[in-house]
file start-v2.txt (compact mmCIF, C-alpha atoms)
# COMPACT_ATOMS: atom_id res chain seq x y z
CA MET A 1 1.80 -7.02 -6.96
CA LYS A 2 0.48 -7.69 -10.47
CA VAL A 3 -3.32 -7.49 -10.56
CA LEU A 4 -4.87 -8.69 -13.82
CA ALA A 5 -8.53 -7.74 -14.13
CA VAL A 6 -10.83 -8.85 -16.92
CA ALA A 7 -13.11 -6.13 -18.31
CA PHE A 8 -15.93 -7.04 -20.68
CA PRO A 9 -18.53 -4.94 -22.52
CA GLY A 10 -21.56 -4.30 -20.34
CA MET A 11 -19.85 -5.38 -17.12
CA THR A 12 -21.10 -4.11 -13.77
CA LEU A 13 -18.61 -1.37 -13.14
CA ILE A 14 -18.67 -1.28 -9.34
CA ASP A 15 -17.72 -4.98 -9.36
CA LEU A 16 -14.47 -4.05 -11.06
CA VAL A 17 -13.74 -0.76 -9.34
CA ALA A 18 -14.38 -1.40 -5.64
CA PRO A 19 -11.88 -4.29 -5.38
CA LEU A 20 -9.22 -2.53 -7.45
CA GLN A 21 -9.60 0.63 -5.38
CA ALA A 22 -8.57 -1.44 -2.35
CA LEU A 23 -5.84 -3.51 -4.00
CA SER A 24 -4.29 -0.42 -5.60
CA VAL A 25 -2.90 0.71 -2.23
CA ILE A 26 -0.64 -2.35 -1.91
CA PRO A 27 3.02 -1.34 -2.28
CA GLY A 28 4.25 -2.22 -5.78
CA PHE A 29 0.71 -2.46 -7.17
CA GLU A 30 0.51 -2.73 -10.97
CA SER A 31 -2.64 -3.45 -12.95
CA GLN A 32 -3.61 -4.73 -16.35
CA ILE A 33 -7.19 -4.33 -17.52
CA ALA A 34 -7.62 -7.02 -20.15
CA TRP A 35 -10.18 -7.72 -22.85
CA LYS A 36 -10.05 -9.38 -26.29
CA THR A 37 -8.68 -6.16 -27.74
CA ARG A 38 -7.17 -3.06 -26.16
CA GLY A 39 -9.22 0.11 -25.95
CA THR A 40 -12.59 1.27 -24.70
CA VAL A 41 -14.84 -1.21 -22.88
CA SER A 42 -18.39 -0.20 -21.98
CA SER A 43 -20.07 -0.88 -18.66
CA ASP A 44 -23.60 -0.81 -17.26
CA ALA A 45 -23.03 2.44 -15.33
CA GLY A 46 -22.75 5.03 -18.09
CA ILE A 47 -18.94 5.02 -17.88
CA SER A 48 -16.47 3.25 -20.16
CA VAL A 49 -13.02 2.13 -19.06
CA VAL A 50 -9.82 1.49 -20.95
CA ALA A 51 -8.57 -2.06 -21.54
CA THR A 52 -4.81 -1.63 -21.33
CA HIS A 53 -3.98 -5.08 -22.71
CA SER A 54 -5.45 -7.64 -25.06
CA PHE A 55 -5.81 -11.21 -23.83
CA SER A 56 -2.70 -12.20 -25.77
CA GLU A 57 -0.65 -9.37 -24.21
CA ALA A 58 -1.69 -9.94 -20.59
CA TRP A 59 0.40 -11.40 -17.79
CA VAL A 60 0.50 -15.18 -17.78
CA GLU A 61 1.28 -15.41 -14.07
CA PRO A 62 -0.39 -12.49 -12.30
CA ASP A 63 -0.36 -12.31 -8.52
CA VAL A 64 -4.12 -11.78 -8.61
CA LEU A 65 -6.64 -12.60 -11.34
CA PHE A 66 -9.89 -10.70 -10.85
CA VAL A 67 -13.19 -11.09 -12.69
CA PRO A 68 -16.25 -8.79 -12.30
CA GLY A 69 -19.85 -9.84 -12.94
CA ASN A 70 -23.02 -8.67 -14.64
CA THR A 71 -26.44 -9.96 -15.64
CA ASN A 72 -27.01 -10.76 -19.34
CA ALA A 73 -23.55 -9.76 -20.59
CA LEU A 74 -21.97 -12.15 -18.08
CA CYS A 75 -24.38 -14.96 -18.88
CA LYS A 76 -23.53 -14.77 -22.59
CA LEU A 77 -19.82 -14.68 -21.83
CA LEU A 78 -20.03 -18.00 -19.99
CA SER A 79 -20.16 -19.79 -23.34
CA ASP A 80 -17.56 -17.64 -25.11
CA ASP A 81 -14.52 -19.74 -26.04
CA GLU A 82 -11.96 -16.94 -26.24
CA THR A 83 -12.89 -15.52 -22.84
CA ILE A 84 -13.19 -18.84 -21.04
CA ASN A 85 -9.88 -20.06 -22.43
CA PHE A 86 -8.17 -16.84 -21.35
CA VAL A 87 -9.63 -16.91 -17.84
CA SER A 88 -8.78 -20.57 -17.49
CA LYS A 89 -5.11 -20.05 -18.42
CA ALA A 90 -4.70 -16.85 -16.40
CA GLY A 91 -6.30 -18.57 -13.41
CA GLN A 92 -3.95 -21.54 -13.63
CA GLY A 93 -0.97 -19.19 -13.52
CA ALA A 94 -2.34 -16.80 -10.89
CA GLY A 95 -1.35 -16.58 -7.25
CA TRP A 96 -4.94 -15.67 -6.31
CA VAL A 97 -8.06 -16.42 -8.34
CA THR A 98 -10.76 -13.93 -7.44
CA SER A 99 -14.14 -12.46 -8.38
CA VAL A 100 -17.07 -10.43 -7.17
CA CYS A 101 -20.77 -10.93 -7.92
CA ASN A 102 -21.51 -13.63 -10.49
CA GLY A 103 -17.98 -13.28 -11.84
CA SER A 104 -17.57 -16.53 -9.88
CA LEU A 105 -19.71 -18.25 -12.52
CA LEU A 106 -17.09 -17.21 -15.09
CA LEU A 107 -14.35 -18.66 -12.89
CA GLY A 108 -16.51 -21.77 -12.61
CA ALA A 109 -17.00 -22.06 -16.36
CA ALA A 110 -13.22 -21.75 -16.69
CA GLY A 111 -12.84 -24.78 -14.43
CA LEU A 112 -11.24 -22.81 -11.62
CA LEU A 113 -13.69 -23.50 -8.80
CA LYS A 114 -14.10 -27.27 -8.91
CA GLY A 115 -14.10 -28.43 -5.30
CA TYR A 116 -13.91 -24.89 -3.91
CA ARG A 117 -16.37 -22.95 -1.77
CA ALA A 118 -17.33 -19.68 -3.46
CA GLY A 119 -19.54 -16.62 -3.08
CA CYS A 120 -21.77 -15.24 -5.81
CA TYR A 121 -24.59 -12.78 -6.49
CA TRP A 122 -27.58 -14.00 -4.46
CA TYR A 123 -29.81 -14.69 -7.46
CA THR A 124 -27.40 -17.11 -9.17
CA ARG A 125 -25.51 -18.49 -6.18
CA GLU A 126 -26.94 -22.00 -6.41
CA GLN A 127 -25.85 -22.21 -10.07
CA LEU A 128 -22.25 -22.46 -8.86
CA ARG A 129 -22.96 -26.15 -8.30
CA LEU A 130 -23.22 -26.58 -12.08
CA PHE A 131 -19.48 -25.89 -12.19
CA GLY A 132 -18.52 -28.15 -9.31
CA ALA A 133 -18.26 -25.36 -6.72
CA GLU A 134 -19.87 -25.23 -3.28
CA PRO A 135 -22.03 -22.09 -2.93
CA ASP A 136 -21.36 -20.04 0.22
CA SER A 137 -23.70 -17.24 1.25
CA ALA A 138 -20.96 -15.25 3.04
CA ARG A 139 -20.24 -11.78 1.70
CA VAL A 140 -16.55 -12.64 1.26
CA VAL A 141 -15.41 -16.24 0.86
CA PHE A 142 -11.81 -17.44 1.11
CA ASP A 143 -10.95 -21.04 0.22
CA ARG A 144 -7.23 -21.68 -0.20
CA ASN A 145 -6.15 -19.21 -2.94
CA ARG A 146 -9.68 -18.52 -4.15
CA ALA A 147 -11.34 -15.28 -2.93
CA THR A 148 -14.86 -14.58 -4.09
CA GLY A 149 -17.36 -11.92 -3.07
CA GLY A 150 -21.13 -11.63 -3.02
CA GLY A 151 -23.08 -9.32 -5.33
CA MET A 152 -21.98 -5.91 -6.58
CA THR A 153 -21.48 -3.76 -3.46
CA ALA A 154 -19.85 -6.77 -1.75
CA GLY A 155 -16.80 -5.67 -3.72
CA VAL A 156 -16.04 -3.09 -1.04
CA ASP A 157 -16.00 -5.67 1.76
CA PHE A 158 -14.18 -8.10 -0.54
CA GLY A 159 -11.52 -5.57 -1.52
CA LEU A 160 -10.72 -4.57 2.05
CA ALA A 161 -10.73 -8.19 3.25
CA LEU A 162 -8.41 -9.27 0.42
CA LEU A 163 -6.19 -6.25 1.09
CA GLY A 164 -5.94 -7.49 4.68
CA LYS A 165 -4.90 -10.97 3.48
CA LEU A 166 -2.31 -9.66 1.02
CA ALA A 167 -0.87 -6.71 2.94
CA GLY A 168 -1.71 -7.62 6.53
CA GLU A 169 -4.67 -6.85 8.78
CA ASP A 170 -3.13 -3.62 10.07
CA THR A 171 -3.09 -2.31 6.51
CA GLY A 172 -6.66 -3.47 5.94
CA ARG A 173 -7.76 -1.66 9.09
CA LEU A 174 -5.91 1.53 8.14
CA PHE A 175 -7.53 1.63 4.71
CA GLU A 176 -11.00 0.88 6.03
CA LEU A 177 -10.61 4.19 7.90
CA LEU A 178 -8.97 5.97 4.95
CA PHE A 179 -11.81 4.73 2.70
CA GLU A 180 -14.30 5.97 5.32
CA TYR A 181 -16.07 2.63 5.24
CA ALA A 182 -18.75 2.97 7.90
CA PRO A 183 -21.73 2.09 5.70
CA GLU A 184 -25.31 3.16 6.32
CA PRO A 185 -27.61 1.42 3.85
CA PRO A 186 -30.60 3.72 3.39
CA TYR A 187 -33.23 0.95 3.47
CA MET A 188 -31.61 -2.09 5.15
CA VAL A 189 -33.02 -4.57 2.62
CA GLY A 190 -29.81 -5.54 0.82
CA ARG A 191 -30.24 -9.31 1.06
CA PRO A 192 -33.30 -11.47 0.35
CA GLU A 193 -33.36 -12.52 4.03
CA LEU A 194 -33.68 -8.84 5.04
CA ALA A 195 -36.37 -7.88 2.52
CA GLN A 196 -40.11 -8.45 2.44
CA ALA A 197 -41.37 -11.24 0.19
CA GLU A 198 -42.97 -8.78 -2.27
CA LEU A 199 -39.70 -6.92 -2.72
CA VAL A 200 -37.77 -10.16 -3.31
CA GLN A 201 -40.42 -11.18 -5.84
CA ALA A 202 -40.14 -7.83 -7.64
CA ALA A 203 -36.35 -8.22 -7.80
CA GLU A 204 -36.62 -11.80 -9.05
CA ASN A 205 -39.07 -10.73 -11.75
CA ILE A 206 -36.46 -8.29 -13.06
CA LEU A 207 -33.53 -10.69 -12.76
CA GLN A 208 -35.36 -13.53 -14.49
CA GLY A 209 -35.35 -11.54 -17.72
CA LEU A 210 -31.82 -10.22 -17.33
CA MET A 211 -30.09 -13.40 -16.28
CA PRO A 212 -31.56 -16.45 -18.03
CA LYS A 213 -30.60 -19.47 -15.98
CA ALA A 214 -30.77 -21.46 -19.24
CA ASP A 215 -27.61 -19.61 -20.36
CA ILE A 216 -25.79 -20.84 -17.26
CA VAL A 217 -26.98 -24.40 -17.76
CA ALA A 218 -25.89 -24.26 -21.41
CA ALA A 219 -22.42 -23.07 -20.41
CA ALA A 220 -22.08 -25.79 -17.78
CA SER A 221 -23.06 -28.37 -20.36
CA LYS A 222 -20.62 -26.92 -22.91
CA TRP A 223 -17.68 -26.96 -20.53
CA LYS A 224 -18.77 -30.10 -18.62
CA ARG A 225 -17.29 -29.11 -15.26
CA MET B 1 -32.30 12.13 -16.68
CA LYS B 2 -29.09 13.83 -17.81
CA VAL B 3 -26.24 13.12 -15.38
CA LEU B 4 -23.10 15.18 -15.98
CA ALA B 5 -20.09 13.87 -14.07
CA VAL B 6 -16.73 15.57 -13.91
CA ALA B 7 -13.73 13.23 -14.26
CA PHE B 8 -10.24 14.51 -13.55
CA PRO B 9 -6.79 12.86 -13.76
CA GLY B 10 -5.97 11.03 -10.56
CA MET B 11 -9.54 11.10 -9.24
CA THR B 12 -10.69 8.52 -6.70
CA LEU B 13 -12.51 6.14 -8.97
CA ILE B 14 -15.01 4.66 -6.52
CA ASP B 15 -16.23 8.22 -5.82
CA LEU B 16 -17.30 8.46 -9.45
CA VAL B 17 -18.50 4.93 -10.02
CA ALA B 18 -20.62 4.07 -6.98
CA PRO B 19 -23.04 7.01 -7.45
CA LEU B 20 -23.32 6.54 -11.21
CA GLN B 21 -23.96 2.83 -10.77
CA ALA B 22 -27.05 3.77 -8.76
CA LEU B 23 -28.22 6.69 -10.91
CA SER B 24 -27.82 4.65 -14.11
CA VAL B 25 -30.92 2.61 -13.30
CA ILE B 26 -33.22 5.64 -13.49
CA PRO B 27 -35.47 5.39 -16.57
CA GLY B 28 -34.15 7.66 -19.32
CA PHE B 29 -30.68 7.85 -17.74
CA GLU B 30 -28.03 9.45 -19.95
CA SER B 31 -24.51 10.37 -18.85
CA GLN B 32 -21.72 12.64 -19.91
CA ILE B 33 -18.27 12.17 -18.40
CA ALA B 34 -16.59 15.54 -18.82
CA TRP B 35 -13.03 16.78 -18.58
CA LYS B 36 -11.07 19.59 -20.27
CA THR B 37 -10.59 17.37 -23.29
CA ARG B 38 -12.28 14.17 -24.41
CA GLY B 39 -10.45 10.88 -24.06
CA THR B 40 -8.69 8.84 -21.44
CA VAL B 41 -8.67 10.12 -17.85
CA SER B 42 -6.55 8.34 -15.24
CA SER B 43 -7.67 7.49 -11.71
CA ASP B 44 -6.04 6.39 -8.47
CA ALA B 45 -7.27 2.79 -8.79
CA GLY B 46 -5.22 1.46 -11.70
CA ILE B 47 -8.13 1.96 -14.13
CA SER B 48 -8.65 4.79 -16.61
CA VAL B 49 -12.06 5.93 -17.83
CA VAL B 50 -13.19 7.69 -20.97
CA ALA B 51 -14.23 11.35 -20.89
CA THR B 52 -17.03 11.45 -23.44
CA HIS B 53 -17.22 15.25 -23.63
CA SER B 54 -14.95 18.23 -23.21
CA PHE B 55 -16.06 21.01 -20.87
CA SER B 56 -17.16 23.09 -23.85
CA GLU B 57 -19.27 20.24 -25.26
CA ALA B 58 -21.02 19.28 -22.03
CA TRP B 59 -24.65 19.91 -21.11
CA VAL B 60 -25.30 23.39 -19.78
CA GLU B 61 -28.40 22.36 -17.85
CA PRO B 62 -27.93 18.77 -16.64
CA ASP B 63 -30.47 17.24 -14.30
CA VAL B 64 -27.61 16.22 -12.03
CA LEU B 65 -24.07 17.59 -11.78
CA PHE B 66 -21.77 15.18 -9.97
CA VAL B 67 -18.19 15.73 -8.78
CA PRO B 68 -15.89 13.03 -7.32
CA GLY B 69 -13.01 13.68 -4.91
CA ASN B 70 -9.40 12.75 -4.30
CA THR B 71 -6.44 13.79 -2.17
CA ASN B 72 -3.65 15.79 -3.87
CA ALA B 73 -5.17 15.85 -7.38
CA LEU B 74 -8.36 17.36 -5.95
CA CYS B 75 -6.48 19.88 -3.81
CA LYS B 76 -4.58 21.18 -6.84
CA LEU B 77 -7.77 21.37 -8.88
CA LEU B 78 -9.36 23.72 -6.35
CA SER B 79 -7.28 26.58 -7.76
CA ASP B 80 -7.64 25.63 -11.43
CA ASP B 81 -9.53 28.35 -13.32
CA GLU B 82 -10.84 26.24 -16.19
CA THR B 83 -12.23 23.55 -13.89
CA ILE B 84 -13.73 25.89 -11.32
CA ASN B 85 -15.37 28.02 -14.00
CA PHE B 86 -16.85 24.93 -15.64
CA VAL B 87 -18.17 23.48 -12.37
CA SER B 88 -19.57 26.84 -11.39
CA LYS B 89 -21.54 27.26 -14.63
CA ALA B 90 -22.71 23.65 -14.79
CA GLY B 91 -23.82 23.89 -11.17
CA GLN B 92 -25.82 27.04 -11.79
CA GLY B 93 -27.70 25.30 -14.59
CA ALA B 94 -28.12 21.93 -12.86
CA GLY B 95 -31.24 20.55 -11.25
CA TRP B 96 -29.16 18.84 -8.56
CA VAL B 97 -25.63 19.80 -7.49
CA THR B 98 -23.91 16.78 -6.01
CA SER B 99 -20.61 15.27 -4.87
CA VAL B 100 -19.00 12.53 -2.86
CA CYS B 101 -15.89 12.71 -0.66
CA ASN B 102 -14.02 16.00 -0.86
CA GLY B 103 -15.63 16.73 -4.22
CA SER B 104 -17.73 19.05 -2.05
CA LEU B 105 -14.64 21.27 -1.67
CA LEU B 106 -14.66 21.63 -5.46
CA LEU B 107 -18.34 22.58 -5.37
CA GLY B 108 -17.44 25.00 -2.60
CA ALA B 109 -14.60 26.58 -4.57
CA ALA B 110 -17.06 26.98 -7.44
CA GLY B 111 -19.32 28.99 -5.13
CA LEU B 112 -22.08 26.40 -5.12
CA LEU B 113 -22.30 25.62 -1.40
CA LYS B 114 -22.49 29.06 0.17
CA GLY B 115 -25.10 28.81 2.91
CA TYR B 116 -25.63 25.08 2.38
CA ARG B 117 -25.01 22.16 4.71
CA ALA B 118 -22.68 19.63 3.08
CA GLY B 119 -20.88 16.35 3.68
CA CYS B 120 -17.21 15.75 2.93
CA TYR B 121 -14.35 13.31 3.50
CA TRP B 122 -13.74 13.23 7.26
CA TYR B 123 -10.21 14.64 7.09
CA THR B 124 -11.16 17.84 5.25
CA ARG B 125 -14.75 18.30 6.39
CA GLU B 126 -14.08 21.40 8.49
CA GLN B 127 -12.44 23.10 5.48
CA LEU B 128 -15.90 23.42 3.92
CA ARG B 129 -16.30 26.51 6.11
CA LEU B 130 -13.64 28.24 4.01
CA PHE B 131 -16.18 28.21 1.17
CA GLY B 132 -19.16 29.36 3.21
CA ALA B 133 -20.66 25.90 3.67
CA GLU B 134 -21.80 24.28 6.92
CA PRO B 135 -19.99 20.93 7.46
CA ASP B 136 -22.29 18.02 8.28
CA SER B 137 -20.88 14.70 9.50
CA ALA B 138 -23.77 12.65 8.08
CA ARG B 139 -22.88 10.05 5.47
CA VAL B 140 -25.38 11.55 3.02
CA VAL B 141 -26.46 15.18 3.29
CA PHE B 142 -29.43 16.73 1.48
CA ASP B 143 -29.99 20.49 1.64
CA ARG B 144 -32.49 21.79 -0.91
CA ASN B 145 -31.06 20.67 -4.29
CA ARG B 146 -27.60 19.96 -2.94
CA ALA B 147 -26.73 16.30 -2.22
CA THR B 148 -23.29 15.55 -0.85
CA GLY B 149 -21.76 12.35 0.52
CA GLY B 150 -19.02 11.51 2.98
CA GLY B 151 -15.72 9.95 1.96
CA MET B 152 -15.15 7.42 -0.83
CA THR B 153 -17.29 4.39 0.07
CA ALA B 154 -20.08 6.76 1.17
CA GLY B 155 -20.81 6.93 -2.56
CA VAL B 156 -22.77 3.70 -2.29
CA ASP B 157 -25.07 5.06 0.43
CA PHE B 158 -25.19 8.40 -1.39
CA GLY B 159 -26.09 6.82 -4.74
CA LEU B 160 -28.92 4.73 -3.34
CA ALA B 161 -30.27 7.61 -1.25
CA LEU B 162 -30.20 9.98 -4.23
CA LEU B 163 -31.81 7.30 -6.39
CA GLY B 164 -34.60 7.18 -3.80
CA LYS B 165 -35.05 10.95 -4.02
CA LEU B 166 -35.07 11.03 -7.81
CA ALA B 167 -36.98 7.86 -8.63
CA GLY B 168 -38.92 7.24 -5.41
CA GLU B 169 -38.16 5.27 -2.27
CA ASP B 170 -39.67 2.05 -3.65
CA THR B 171 -37.10 2.15 -6.43
CA GLY B 172 -34.32 2.91 -3.97
CA ARG B 173 -35.36 -0.07 -1.87
CA LEU B 174 -35.58 -2.38 -4.89
CA PHE B 175 -32.10 -1.47 -6.04
CA GLU B 176 -30.60 -1.78 -2.59
CA LEU B 177 -31.63 -5.45 -2.85
CA LEU B 178 -30.56 -5.74 -6.51
CA PHE B 179 -27.17 -4.22 -5.59
CA GLU B 180 -26.95 -6.68 -2.67
CA TYR B 181 -26.12 -3.86 -0.31
CA ALA B 182 -25.90 -5.54 3.08
CA PRO B 183 -22.41 -4.36 3.99
CA GLU B 184 -20.08 -6.11 6.42
CA PRO B 185 -16.99 -3.97 7.00
CA PRO B 186 -14.19 -6.37 7.88
CA TYR B 187 -12.75 -4.22 10.70
CA MET B 188 -15.50 -1.80 11.82
CA VAL B 189 -13.15 1.18 12.05
CA GLY B 190 -14.40 3.22 9.08
CA ARG B 191 -14.81 6.54 10.90
CA PRO B 192 -12.45 8.31 13.28
CA GLU B 193 -15.05 7.92 16.07
CA LEU B 194 -14.94 4.13 15.60
CA ALA B 195 -11.16 3.77 15.43
CA GLN B 196 -8.47 3.76 18.12
CA ALA B 197 -6.46 6.95 18.54
CA GLU B 198 -3.28 5.36 17.13
CA LEU B 199 -5.07 4.30 13.96
CA VAL B 200 -6.54 7.78 13.46
CA GLN B 201 -3.08 9.24 13.99
CA ALA B 202 -1.58 6.86 11.40
CA ALA B 203 -4.28 7.85 8.90
CA GLU B 204 -3.77 11.56 9.58
CA ASN B 205 -0.03 11.19 9.11
CA ILE B 206 -0.65 9.81 5.62
CA LEU B 207 -3.34 12.34 4.72
CA GLN B 208 -1.28 15.30 5.87
CA GLY B 209 1.19 14.67 3.05
CA LEU B 210 -1.45 13.82 0.46
CA MET B 211 -3.88 16.64 1.12
CA PRO B 212 -2.08 19.84 2.11
CA LYS B 213 -4.61 22.04 3.88
CA ALA B 214 -2.60 25.01 2.63
CA ASP B 215 -3.85 24.19 -0.88
CA ILE B 216 -7.44 24.47 0.32
CA VAL B 217 -6.77 27.75 2.11
CA ALA B 218 -5.08 29.10 -1.04
CA ALA B 219 -8.09 28.17 -3.15
CA ALA B 220 -10.51 29.76 -0.71
CA SER B 221 -8.45 32.92 -0.78
CA LYS B 222 -8.30 32.90 -4.58
CA TRP B 223 -12.05 32.50 -5.01
CA LYS B 224 -12.98 34.55 -1.90
CA ARG B 225 -16.20 32.62 -1.07
call {"tool": "encode", "arguments": {"input": "start-v2.txt", "output": "structure tokens"}}
result
Amino acid sequence: MKVLAVAFPGMTLIDLVAPLQALSVIPGFESQIAWKTRGTVSSDAGISVVATHSFSEAWVEPDVLFVPGNTNALCKLLSDDETINFVSKAGQGAGWVTSVCNGSLLLGAAGLLKGYRAGCYWYTREQLRLFGAEPDSARVVFDRNRATGGGMTAGVDFGLALLGKLAGEDTGRLFELLFEYAPEPPYMVGRPELAQAELVQAAENILQGLMPKADIVAAASKWKR
Amino acid sequence: MKVLAVAFPGMTLIDLVAPLQALSVIPGFESQIAWKTRGTVSSDAGISVVATHSFSEAWVEPDVLFVPGNTNALCKLLSDDETINFVSKAGQGAGWVTSVCNGSLLLGAAGLLKGYRAGCYWYTREQLRLFGAEPDSARVVFDRNRATGGGMTAGVDFGLALLGKLAGEDTGRLFELLFEYAPEPPYMVGRPELAQAELVQAAENILQGLMPKADIVAAASKWKR
């Protein structure tokens, strides 16, 4: 089970880690963490990870391609030739094409979601249409061999659900218990539909600056999906 | 806000990442990822992280000391002099002494939980008593300046709850929405109380080999808490 994950500077680290934590229990699991060059890759959580392979060294036909998300770092990456070309090729050779958060926009920019339903971070979900994908508000979305999660913490649900698909539901169930996944959100406001209007507005005010929708439009125009 | 996190080879990566993802949004956040030596530290999720500081270089009085957990790697570490001495000193100087999963056993071995209520991974929760702590089955446990979470995925709840304590509940609420934390466990069996007896037995059969309780008893005897 060859899991190829893209890591990029400034990425949202839980997007990358929660899914790989779940997939890593599959018998025969191997991973490559790929970026333009090998070595240290920063994240937004005060922790850097190690890219084990450069784009040119990475598997061409992984069983799973996985892409994490982020705010501004992701938005800039959407127009980056080297990254989009790599994701596009890896996705064409992959058994499963997957993402969490707005990593699905990167898959979209790489032409991998045209005609597919996909999940995304709530703030940029509608922008999936720019890449020919059908936005789906579910926390985990499966459409043929595409598996995409909602924002950030959705990676836990996504990882366990994908584990269930790849290794069987009994294994998914066993690891939900082993991962002690009986969540208790402290405030119960983790989706816009659950939160008061003022809180959603406060969140949107922050996101507007971090995730310029103009960057997404520019990428869609560049890649003409 | 100086957050000092211990990273150790083989650690459970989501234990480390979920809490730091939440704490990293606190204004003035700085982190040190500490191990015996600087450099690459492996995890159990197919991803390695970078230890930015050796034990001797790390902050002596961090605002927050954080310790992740694991199965066998953690159990061995409980008897490791260099690690226990470091955690003990850092904990004595820290504003908050914190952990997720069975990282609380490490805090216990370091003498930091004597007379405190604490959370832990479900399988080893009762072993906290060996270190003079009072096991608490809550997903997030606060007792004075000790904050301890349940197993693995509890780090998300723990991180947001601790963020609320440190930066105010309004901030906690805002980031619960920004982190899109509206979980949907695929199987709803994430605690022994929620799972069928056969599933709990299957999980215990696995954990028995991975987490020898004899290692924990040996550590408690060594450190005589």
call {"tool": "closest_atom_pairs", "arguments": {"input": "start-v2.txt", "of": "chain B", "to": "chain A", "cutoff": "6 Å", "atoms": "only C-alpha atoms", "output": "tab-separated table"}}
result
residue	atom	partner	partner_atom	distance
B:Leu20	CA	A:Ala45	CA	5.8
B:Gln21	CA	A:Ala45	CA	4.7
B:Ser24	CA	A:Ala45	CA	5.4
B:Ser31	CA	A:Gly46	CA	5.7
B:Ala45	CA	A:Gln21	CA	4.7
B:Gly46	CA	A:Ser31	CA	5.7
B:Ser48	CA	A:Val50	CA	5.6
B:Val49	CA	A:Val49	CA	4.1
B:Val50	CA	A:Ser48	CA	5.6
B:Gly151	CA	A:Glu180	CA	5.4
B:Met152	CA	A:Phe179	CA	5.6
B:Thr153	CA	A:Tyr181	CA	5.6
B:Asp157	CA	A:Pro185	CA	5.6
B:Arg173	CA	A:Tyr187	CA	5.8
B:Glu176	CA	A:Gly190	CA	5.1
B:Leu177	CA	A:Gly190	CA	4.1
B:Phe179	CA	A:Met152	CA	5.5
B:Glu180	CA	A:Gly190	CA	4.7
B:Tyr181	CA	A:Gly190	CA	4.2
B:Ala182	CA	A:Gly190	CA	4.5
B:Pro185	CA	A:Asp157	CA	5.6
B:Tyr187	CA	A:Arg173	CA	5.8
B:Val189	CA	A:Leu177	CA	5.7
B:Gly190	CA	A:Leu177	CA	4.1
B:Arg191	CA	A:Glu180	CA	5.6
call {"tool": "closest_residue", "arguments": {"input": "start-v2.txt", "among": "A:Gly103, A:Gly91, A:Gly111, A:Gly209", "to": "Leu74 (chain A)", "atoms": "only C-alpha atoms"}}
result
A:Gly103
call {"tool": "residues_around", "arguments": {"input": "start-v2.txt", "residues": "Leu113 (chain A)", "least_positions_apart": "3", "cutoff": "6 Å", "atoms": "all atoms listed in the file", "output": "PyMOL selection string"}}
result
chain A and resi 108+116+133
call {"tool": "residues_around", "arguments": {"input": "start-v2.txt", "residues": "region 57-63 of chain A", "least_positions_apart": "6", "cutoff": "12 Å", "atoms": "all atoms listed in the file", "output": "ChimeraX atom specification"}}
result
/A:1-6,23,26,28-38,51,86-98,145,166
call {"tool": "atom_distance", "arguments": {"input": "start-v2.txt", "atom1": "CA of Ala218 (chain B)", "atom2": "CA of Leu78 (chain B)"}}
result
8.7 Å
call {"tool": "atom_distance", "arguments": {"input": "start-v2.txt", "atom1": "CA of Gln208 (chain B)", "atom2": "CA of Ala73 (chain B)"}}
result
13.8 Å
call {"tool": "atom_distance", "arguments": {"input": "start-v2.txt", "atom1": "CA of Gly69 (chain A)", "atom2": "CA of Cys120 (chain A)"}}
result
9.1 Å
call {"tool": "residues_near_point", "arguments": {"input": "start-v2.txt", "point": "(-14.0, 24.3, -9.5)", "cutoff": "8 Å", "atoms": "all atoms listed in the file", "output": "PyMOL selection string"}}
result
chain B and resi 77-88+106-110
call {"tool": "residues_near_point", "arguments": {"input": "start-v2.txt", "point": "(-24.0, -23.4, -12.1)", "cutoff": "9 Å", "atoms": "only C-alpha atoms", "output": "PyMOL selection string"}}
result
chain A and resi 105+108-109+124-133+213+216-217+219-220
call {"tool": "axis_aligned_box", "arguments": {"input": "start-v2.txt", "around": "region 81-91 of chain B", "padding_each_side": "4 Å", "output": "AutoDock Vina command-line options"}}
result
--center_x -16.7 --center_y 25.9 --center_z -13.7 --size_x 22.3 --size_y 12.9 --size_z 13.0
